[in-house]
file query-v5.txt (compact mmCIF, C-alpha atoms and all ligand atoms)
# COMPACT_ATOMS: atom_id res chain seq x y z
CA MET A 1 -26.79 6.49 -25.71
CA LYS A 2 -27.10 7.04 -21.97
CA LEU A 3 -24.94 5.21 -19.44
CA PRO A 4 -25.77 5.14 -15.71
CA VAL A 5 -22.65 6.57 -14.03
CA PRO A 6 -22.42 7.91 -10.47
CA VAL A 7 -20.75 11.29 -9.96
CA LEU A 8 -20.62 12.94 -6.54
CA ALA A 9 -19.86 16.64 -6.87
CA ASP A 10 -20.87 19.83 -5.05
CA GLY A 11 -23.05 17.78 -2.68
CA LYS A 12 -25.11 16.46 -5.59
CA VAL A 13 -25.42 13.00 -7.10
CA PHE A 14 -25.31 12.87 -10.88
CA THR A 15 -26.43 9.53 -12.28
CA ASP A 16 -26.35 9.53 -16.08
CA VAL A 17 -23.97 10.41 -18.86
CA LYS A 18 -25.16 10.84 -22.43
CA ILE A 19 -22.47 9.59 -24.80
CA GLY A 20 -21.91 10.39 -28.47
CA GLU A 21 -19.11 10.07 -31.00
CA ALA A 22 -15.82 11.97 -30.84
CA SER A 23 -14.58 14.68 -33.19
CA ALA A 24 -11.17 14.63 -34.91
CA GLY A 25 -10.04 17.33 -32.45
CA THR A 26 -10.95 15.16 -29.44
CA LEU A 27 -9.12 12.19 -30.94
CA ALA A 28 -6.05 14.38 -31.57
CA SER A 29 -5.92 15.79 -28.03
CA ALA A 30 -6.49 12.40 -26.37
CA ARG A 31 -3.80 10.87 -28.58
CA ARG A 32 -1.39 13.70 -27.73
CA GLU A 33 -1.82 13.02 -23.98
CA ALA A 34 -1.50 9.26 -24.49
CA ASP A 35 1.69 9.72 -26.56
CA ALA A 36 3.12 11.84 -23.73
CA GLY A 37 2.47 8.94 -21.33
CA ALA A 38 -0.40 10.73 -19.57
CA GLU A 39 -2.91 7.87 -19.81
CA TYR A 40 -5.37 9.43 -17.34
CA SER A 41 -5.31 12.87 -18.95
CA ALA A 42 -5.93 11.13 -22.28
CA LEU A 43 -9.03 9.51 -20.77
CA LEU A 44 -10.18 12.91 -19.50
CA GLU A 45 -9.77 14.60 -22.91
CA TRP A 46 -11.55 11.70 -24.59
CA CYS A 47 -14.45 11.58 -22.16
CA VAL A 48 -15.00 15.35 -22.33
CA GLY A 49 -15.22 14.94 -26.11
CA VAL A 50 -17.77 12.09 -26.02
CA ALA A 51 -19.89 13.14 -23.01
CA ARG A 52 -22.75 15.28 -24.33
CA GLU A 53 -24.43 15.81 -20.97
CA ILE A 54 -24.27 14.71 -17.34
CA SER A 55 -27.53 14.64 -15.44
CA GLY A 56 -29.10 13.81 -12.10
CA ASP A 57 -30.62 15.39 -9.01
CA GLY A 58 -32.83 17.53 -11.26
CA ASP A 59 -29.79 19.08 -12.91
CA THR A 60 -28.44 18.67 -16.46
CA VAL A 61 -24.95 19.87 -17.35
CA THR A 62 -24.05 20.43 -21.00
CA ASP A 63 -21.26 23.03 -20.83
CA PRO A 64 -17.98 21.30 -21.82
CA GLN A 65 -15.96 23.08 -19.08
CA GLU A 66 -18.48 21.95 -16.47
CA ILE A 67 -18.55 18.44 -17.93
CA LYS A 68 -14.75 18.37 -17.67
CA ARG A 69 -14.91 19.35 -14.01
CA LEU A 70 -17.55 16.69 -13.25
CA ILE A 71 -15.63 13.95 -15.07
CA LYS A 72 -12.74 14.53 -12.67
CA PHE A 73 -15.16 13.56 -9.86
CA MET A 74 -16.25 10.40 -11.70
CA PRO A 75 -15.13 7.02 -10.27
CA PHE A 76 -12.18 5.84 -12.30
CA GLU A 77 -13.79 2.57 -13.41
CA SER A 78 -16.86 4.47 -14.64
CA VAL A 79 -14.63 6.80 -16.64
CA TYR A 80 -13.27 3.74 -18.38
CA ALA A 81 -16.80 2.62 -19.24
CA VAL A 82 -17.68 6.06 -20.67
CA ALA A 83 -14.43 6.02 -22.67
CA CYS A 84 -15.15 2.57 -24.14
CA TYR A 85 -18.77 3.36 -25.01
CA GLY A 86 -17.59 6.62 -26.59
CA MET A 87 -15.08 4.60 -28.62
CA ALA A 88 -17.81 2.21 -29.80
CA GLU A 89 -19.97 5.20 -30.86
CA THR A 90 -16.99 6.78 -32.64
CA LYS A 91 -15.98 3.61 -34.50
CA GLY A 92 -19.60 2.66 -35.17
CA ASP A 93 -18.46 -0.78 -34.02
CA ASP A 94 -18.46 -2.29 -30.54
CA SER A 95 -16.70 -5.54 -31.39
CA ILE A 96 -13.73 -6.49 -29.21
CA PRO A 97 -11.32 -8.90 -30.85
CA GLY A 98 -8.86 -10.79 -28.68
CA GLU A 99 -6.54 -13.71 -28.13
CA TYR A 100 -6.99 -16.00 -25.14
CA GLN A 101 -4.71 -18.81 -24.10
CA CYS A 102 -6.31 -22.03 -22.82
CA PRO A 103 -5.07 -22.47 -19.23
CA LYS A 104 -4.99 -26.27 -19.66
CA CYS A 105 -3.46 -27.08 -23.05
CA GLY A 106 -2.02 -23.69 -24.01
CA ARG A 107 -3.89 -23.42 -27.31
CA ILE A 108 -4.65 -19.85 -28.41
CA VAL A 109 -8.34 -19.08 -28.88
CA ARG A 110 -8.53 -16.22 -31.34
CA LEU A 111 -11.72 -14.17 -31.53
CA GLU A 112 -11.91 -12.07 -34.65
CA LYS A 113 -13.99 -11.11 -37.61
CA SER A 114 -13.19 -13.19 -40.64
CA ASN A 115 -14.44 -13.80 -44.12
CA VAL A 116 -15.19 -17.36 -45.13
CA ASP A 117 -16.35 -17.86 -48.73
CA GLY A 118 -17.71 -14.33 -48.89
CA GLU A 119 -19.57 -14.68 -45.63
CA GLU A 120 -18.57 -12.55 -42.69
CA ILE A 121 -18.07 -14.52 -39.48
CA ASP A 122 -17.93 -12.51 -36.26
CA ASP A 123 -16.50 -14.35 -33.24
CA THR A 124 -15.63 -11.21 -31.27
CA ASP A 125 -17.10 -10.02 -28.00
CA HIS A 126 -19.40 -7.03 -28.13
CA LEU A 127 -19.28 -4.18 -25.64
CA ARG A 128 -23.08 -3.85 -25.56
CA THR A 129 -23.55 -7.49 -24.60
CA LEU A 130 -21.21 -7.26 -21.59
CA LYS A 131 -23.06 -6.80 -18.32
CA TYR A 132 -22.82 -3.44 -16.60
CA GLY A 133 -23.18 -2.95 -12.84
CA ILE A 134 -25.21 0.07 -11.75
CA CYS A 135 -24.20 1.80 -8.51
CA SER A 136 -27.44 3.03 -6.96
CA ASN A 137 -25.92 4.47 -3.80
CA PRO A 138 -22.49 5.99 -4.53
CA GLU A 139 -22.44 7.97 -1.25
CA SER A 140 -21.87 4.82 0.77
CA GLY A 141 -18.45 4.26 -0.82
CA ILE A 142 -16.46 1.03 -0.67
CA SER A 143 -16.31 -0.99 2.59
CA LEU A 144 -13.50 -3.42 3.10
CA SER A 145 -13.05 -5.83 6.02
CA LEU A 146 -9.50 -7.08 5.92
CA SER A 147 -8.75 -10.81 6.02
CA ARG A 148 -5.63 -9.94 7.97
CA PRO A 149 -5.22 -6.64 9.88
CA ILE A 150 -2.62 -4.21 8.55
CA GLU A 151 -0.06 -3.33 11.21
CA ILE A 152 1.86 -0.11 10.88
CA PRO A 153 5.09 0.08 12.86
CA ARG A 154 6.93 3.18 14.04
CA LYS A 155 9.90 3.85 11.77
CA ASP A 156 12.48 4.06 14.57
CA THR A 157 11.40 1.54 17.21
CA GLY A 158 9.24 -0.85 15.17
CA GLU A 159 6.49 -0.56 17.78
CA ILE A 160 3.02 -1.14 16.24
CA ILE A 161 1.22 2.19 16.29
CA GLU A 162 -1.79 1.38 14.07
CA THR A 163 -3.72 -1.82 13.51
CA ILE A 164 -6.20 -1.49 10.66
CA GLU A 165 -9.05 -3.98 10.52
CA SER A 166 -11.52 -2.23 8.25
CA ILE A 167 -11.52 0.59 5.75
CA VAL A 168 -14.24 2.66 4.13
CA MET A 169 -13.21 4.53 1.01
CA ASP A 170 -14.78 6.98 -1.40
CA TRP A 171 -14.80 5.76 -5.00
CA PRO A 172 -11.35 6.67 -6.37
CA THR A 173 -11.91 9.33 -9.01
CA LEU A 174 -10.25 10.21 -12.29
CA GLY A 175 -9.02 13.50 -10.74
CA GLN A 176 -7.23 11.53 -8.01
CA CYS A 177 -5.66 9.25 -10.64
CA ILE A 178 -4.42 12.25 -12.67
CA ARG A 179 -2.85 13.85 -9.56
CA ALA A 180 -1.27 10.61 -8.36
CA HIS A 181 0.09 9.84 -11.83
CA GLN A 182 1.74 13.26 -12.03
CA LYS A 183 3.50 12.51 -8.73
CA ASN A 184 4.44 8.93 -9.67
CA PRO A 185 4.71 8.94 -13.47
CA ASP A 186 6.88 5.81 -13.71
CA ASN A 187 5.60 3.70 -10.87
CA GLU A 188 2.13 2.27 -11.33
CA SER A 189 1.87 0.56 -7.92
CA ALA A 190 3.03 3.68 -6.03
CA MET A 191 0.50 5.62 -8.08
CA MET A 192 -2.38 3.28 -7.16
CA PHE A 193 -1.40 3.32 -3.45
CA ALA A 194 -1.51 7.13 -3.59
CA VAL A 195 -4.94 7.05 -5.26
CA TYR A 196 -6.34 4.67 -2.63
CA ALA A 197 -4.78 6.67 0.21
CA ASP A 198 -6.42 9.83 -1.09
CA ALA A 199 -9.81 8.06 -1.06
CA ILE A 200 -9.78 6.61 2.49
CA ARG A 201 -12.61 7.99 4.59
CA LEU A 202 -12.89 5.74 7.68
CA VAL A 203 -10.44 3.43 9.40
CA ASN A 204 -11.85 0.95 11.96
CA GLY A 205 -15.08 2.95 11.74
CA LYS A 206 -13.39 6.25 12.69
CA LYS A 207 -13.06 9.27 10.45
CA ILE A 208 -9.47 10.05 9.51
CA ASP A 209 -7.91 13.38 8.55
CA SER A 210 -5.42 14.47 5.91
CA SER A 211 -2.44 14.13 8.24
CA TRP A 212 -3.37 10.46 8.86
CA ARG A 213 -3.66 9.99 5.11
CA ALA A 214 -0.26 11.59 4.53
CA SER A 215 1.50 9.56 7.28
CA PHE A 216 -0.10 6.14 6.88
CA GLY A 217 -2.21 6.09 3.69
CA ASP A 218 0.28 4.78 1.10
CA LEU A 219 1.91 2.57 3.71
CA ALA A 220 -1.40 0.94 4.67
CA PHE A 221 -2.08 -0.12 1.07
CA SER A 222 1.46 -1.34 0.46
CA ARG A 223 1.21 -3.52 3.61
CA MET A 224 -2.24 -4.83 2.69
CA MET A 225 -2.39 -8.55 1.78
CA VAL A 226 -2.68 -9.31 -1.95
CA ARG A 227 -5.98 -11.10 -1.26
CA ASP A 228 -7.47 -7.94 0.30
CA GLN A 229 -6.15 -5.74 -2.47
CA ALA A 230 -7.79 -8.08 -5.00
CA ALA A 231 -11.08 -7.72 -3.09
CA LEU A 232 -10.73 -3.92 -3.23
CA VAL A 233 -10.11 -3.95 -6.98
CA ALA A 234 -13.09 -6.30 -7.44
CA SER A 235 -15.35 -3.89 -5.50
CA MET A 236 -14.18 -0.99 -7.64
CA LYS A 237 -14.96 -2.91 -10.83
CA LYS A 238 -18.37 -4.05 -9.62
CA TYR A 239 -20.11 -0.94 -10.88
CA SER A 240 -18.73 -0.77 -14.37
CA ILE A 241 -18.42 -2.98 -17.45
CA GLN A 242 -18.22 -6.61 -16.35
CA SER A 243 -15.28 -7.69 -18.43
CA LYS A 244 -15.08 -11.36 -17.39
CA VAL A 245 -16.38 -13.64 -20.13
CA SER A 246 -16.61 -17.38 -20.48
CA ARG A 247 -14.15 -18.90 -22.94
CA ALA A 248 -13.99 -22.43 -24.33
CA CYS A 249 -11.11 -24.35 -25.87
CA MET A 250 -12.13 -26.37 -28.92
CA LYS A 251 -9.16 -28.71 -28.52
CA CYS A 252 -9.44 -29.88 -24.90
CA LYS A 253 -12.97 -28.63 -24.12
CA THR A 254 -11.82 -26.63 -21.10
CA ARG A 255 -14.04 -23.68 -20.12
CA TRP A 256 -12.66 -20.75 -18.17
CA ASP A 257 -13.38 -17.12 -17.34
CA ALA A 258 -11.14 -14.61 -19.06
CA GLU A 259 -10.84 -10.84 -18.93
CA VAL A 260 -11.92 -9.04 -22.12
CA ASP A 261 -9.21 -6.63 -23.28
CA LEU A 262 -11.10 -3.33 -22.88
CA ARG A 263 -7.85 -1.41 -22.50
CA GLY A 264 -6.80 -2.72 -25.91
CA PHE A 265 -10.22 -1.83 -27.35
CA PHE A 266 -9.84 1.76 -26.18
CA SER A 267 -6.17 2.28 -27.05
CA SER A 268 -6.44 0.65 -30.49
CA GLY A 269 -9.20 3.16 -31.23
CA LEU A 270 -6.90 6.02 -30.22
CA THR A 271 -4.01 4.85 -32.37
CA GLY A 272 -6.17 3.67 -35.28
CA ASP A 273 -4.71 0.12 -35.19
ZN ZN B 1 -7.33 -26.35 -24.22
call {"tool": "encode", "arguments": {"input": "query-v5.txt", "output": "structure tokens", "more": "lines below"}}
Ligand SMILES: [Zn+2]
result
Amino acid sequence: MKLPVPVLADGKVFTDVKIGEASAGTLASARREADAGAEYSALLEWCVGVAREISGDGDTVTDPQEIKRLIKFMPFESVYAVACYGMAETKGDDSIPGEYQCPKCGRIVRLEKSNVDGEEIDDTDHLRTLKYGICSNPESGISLSLSRPIEIPRKDTGEIIETIESIVMDWPTLGQCIRAHQKNPDNESAMMFAVYADAIRLVNGKKIDSSWRASFGDLAFSRMMVRDQAALVASMKKYSIQSKVSRACMKCKTRWDAEVDLRGFFSSGLTGD
């Protein structure tokens, strides 16, 4: 199958990834990285194994080494989509079982495949029925207007030296995640701040350089309001698998939106659970 995925590399825009099933060798190398705690390198190994070709701009790449290089330029959320679709191809099954707790009465809604009187009942979600957002213009990046400006004080005097009102970022890539994870292996929030900092392009409409990024980048994201960070994460997820689904509680009739456990879908495929 082909999935529309934006990749900006070498001044070109690649737009599609052809995805097939993984070999035993791919599964083994992704599992090895995952067991070593290198979640992002595991995703890389897996995606290289399931991506048959990456195409766009009149160019089609099929060489695995080149595919590996391009996947590092892929937006992180898109990598996750490729990984999940590759898992569905590999398993020959795109069903996503899960347990969801009713926010009102606490009852657990369990979605699974079951067998009732010899008849198979499938209550699970299916990857192919989840909506998928296509990014038609990846060059424009992510624009964020902050609900409250981020103020950055001088370390010694506390004087405010930067007031950030808006940010434009490139799409954080898998390569940036791998590098940031190597630097912050045991601290997921520090890792994400480093990834975001690496991706900042404009601050208050002005281009920033690497010394700005190094001095203020991580700090800016750690001082950002939770509401603004949530908006940033939502923008990043907009062009990938839409994992929010509507759930209903049979007991109290409450309906709510819940997140489908794609992470579980991918990792259970790696471990064979
Ligand atoms: Zn309920």
call {"tool": "residues_near_ligand", "arguments": {"input": "query-v5.txt", "ligand": "ligand ZN 1 (chain B)", "cutoff": "12 Å", "atoms": "all atoms listed in the file", "output": "compact mmCIF listing (two decimals) with C-alpha atoms, in the frame of the given file"}}
result
# COMPACT_ATOMS: atom_id res chain seq x y z
CA TYR A 100 -6.99 -16.00 -25.14
CA GLN A 101 -4.71 -18.81 -24.10
CA CYS A 102 -6.31 -22.03 -22.82
CA PRO A 103 -5.07 -22.47 -19.23
CA LYS A 104 -4.99 -26.27 -19.66
CA CYS A 105 -3.46 -27.08 -23.05
CA GLY A 106 -2.02 -23.69 -24.01
CA ARG A 107 -3.89 -23.42 -27.31
CA ILE A 108 -4.65 -19.85 -28.41
CA VAL A 109 -8.34 -19.08 -28.88
CA ARG A 247 -14.15 -18.90 -22.94
CA ALA A 248 -13.99 -22.43 -24.33
CA CYS A 249 -11.11 -24.35 -25.87
CA MET A 250 -12.13 -26.37 -28.92
CA LYS A 251 -9.16 -28.71 -28.52
CA CYS A 252 -9.44 -29.88 -24.90
CA LYS A 253 -12.97 -28.63 -24.12
CA THR A 254 -11.82 -26.63 -21.10
CA ARG A 255 -14.04 -23.68 -20.12
CA TRP A 256 -12.66 -20.75 -18.17
call {"tool": "atom_distance", "arguments": {"input": "query-v5.txt", "atom1": "CA of Trp171 (chain A)", "atom2": "CA of Ile200 (chain A)"}}
result
9.1 Å
call {"tool": "closest_residue", "arguments": {"input": "query-v5.txt", "among": "A:Asp16, A:Ile54, A:Gly217, A:His126", "to": "Asp94 (chain A)", "atoms": "all atoms listed in the file"}}
result
A:His126
call {"tool": "residues_around", "arguments": {"input": "query-v5.txt", "residues": "Phe216 (chain A)", "least_positions_apart": "6", "cutoff": "9 Å", "atoms": "only C-alpha atoms", "output": "list in words"}}
result
Ile152, Glu162 and Ala197 of chain A
call {"tool": "atom_distance", "arguments": {"input": "query-v5.txt", "atom1": "CA of Arg31 (chain A)", "atom2": "CA of Tyr80 (chain A)"}}
result
15.6 Å
call {"tool": "closest_residue", "arguments": {"input": "query-v5.txt", "among": "A:Ser41, A:Ser166, A:Ser78, A:Thr90", "to": "Lys207 (chain A)", "atoms": "all atoms listed in the file"}}
result
A:Ser166
call {"tool": "residues_around", "arguments": {"input": "query-v5.txt", "residues": "Leu270 (chain A)", "least_positions_apart": "3", "cutoff": "7 Å", "atoms": "all atoms listed in the file", "output": "NGL selection string"}}
result
:A and (27 or 31 or 266-267)
call {"tool": "residues_around", "arguments": {"input": "query-v5.txt", "residues": "Asp122 (chain A)", "least_positions_apart": "4", "cutoff": "12 Å", "atoms": "all atoms listed in the file", "output": "VMD selection string"}}
result
chain A and resid 93 to 98 110 to 116 126
call {"tool": "atom_distance", "arguments": {"input": "query-v5.txt", "atom1": "CA of Ala258 (chain A)", "atom2": "CA of Lys91 (chain A)"}}
result
24.4 Å
call {"tool": "residues_around", "arguments": {"input": "query-v5.txt", "residues": "Arg148 (chain A)", "least_positions_apart": "3", "cutoff": "9 Å", "atoms": "only C-alpha atoms", "output": "list of chain:residue names"}}
result
A:Ser145, A:Ile164, A:Glu165, A:Met224, A:Met225, A:Asp228
call {"tool": "residues_around", "arguments": {"input": "query-v5.txt", "residues": "Met191 (chain A)", "least_positions_apart": "2", "cutoff": "10 Å", "atoms": "all atoms listed in the file", "output": "list of chain:residue names"}}
result
A:Gln176, A:Cys177, A:Ile178, A:Arg179, A:Ala180, A:His181, A:Gln182, A:Lys183, A:Asn184, A:Pro185, A:Asp186, A:Asn187, A:Glu188, A:Ser189, A:Phe193, A:Ala194, A:Val195, A:Tyr196, A:Ala197, A:Asp218
call {"tool": "write_last_selection", "arguments": {"input": "query-v5.txt", "atoms": "C-alpha atoms", "output": "mmCIF file, in the frame of the given file"}}
result
data_model
loop_
_atom_site.group_PDB
_atom_site.id
_atom_site.type_symbol
_atom_site.label_atom_id
_atom_site.label_comp_id
_atom_site.auth_asym_id
_atom_site.auth_seq_id
_atom_site.Cartn_x
_atom_site.Cartn_y
_atom_site.Cartn_z
ATOM 1 C CA GLN A 176 -7.230 11.530 -8.010
ATOM 2 C CA CYS A 177 -5.660 9.250 -10.640
ATOM 3 C CA ILE A 178 -4.420 12.250 -12.670
ATOM 4 C CA ARG A 179 -2.850 13.850 -9.560
ATOM 5 C CA ALA A 180 -1.270 10.610 -8.360
ATOM 6 C CA HIS A 181 0.090 9.840 -11.830
ATOM 7 C CA GLN A 182 1.740 13.260 -12.030
ATOM 8 C CA LYS A 183 3.500 12.510 -8.730
ATOM 9 C CA ASN A 184 4.440 8.930 -9.670
ATOM 10 C CA PRO A 185 4.710 8.940 -13.470
ATOM 11 C CA ASP A 186 6.880 5.810 -13.710
ATOM 12 C CA ASN A 187 5.600 3.700 -10.870
ATOM 13 C CA GLU A 188 2.130 2.270 -11.330
ATOM 14 C CA SER A 189 1.870 0.560 -7.920
ATOM 15 C CA PHE A 193 -1.400 3.320 -3.450
ATOM 16 C CA ALA A 194 -1.510 7.130 -3.590
ATOM 17 C CA VAL A 195 -4.940 7.050 -5.260
ATOM 18 C CA TYR A 196 -6.340 4.670 -2.630
ATOM 19 C CA ALA A 197 -4.780 6.670 0.210
ATOM 20 C CA ASP A 218 0.280 4.780 1.100
#
call {"tool": "closest_residue", "arguments": {"input": "query-v5.txt", "among": "A:Lys155, A:Pro75, A:Ala34, A:Glu259", "to": "Ser215 (chain A)", "atoms": "all atoms listed in the file"}}
result
A:Lys155
call {"tool": "closest_residue", "arguments": {"input": "query-v5.txt", "among": "A:Leu43, A:Leu262, A:Ile160, A:Val7", "to": "Asp57 (chain A)", "atoms": "all atoms listed in the file"}}
result
A:Val7
call {"tool": "closest_residue", "arguments": {"input": "query-v5.txt", "among": "A:Val79, A:Val13, A:Ala42, A:Ala190", "to": "Glu139 (chain A)", "atoms": "only C-alpha atoms"}}
result
A:Val13
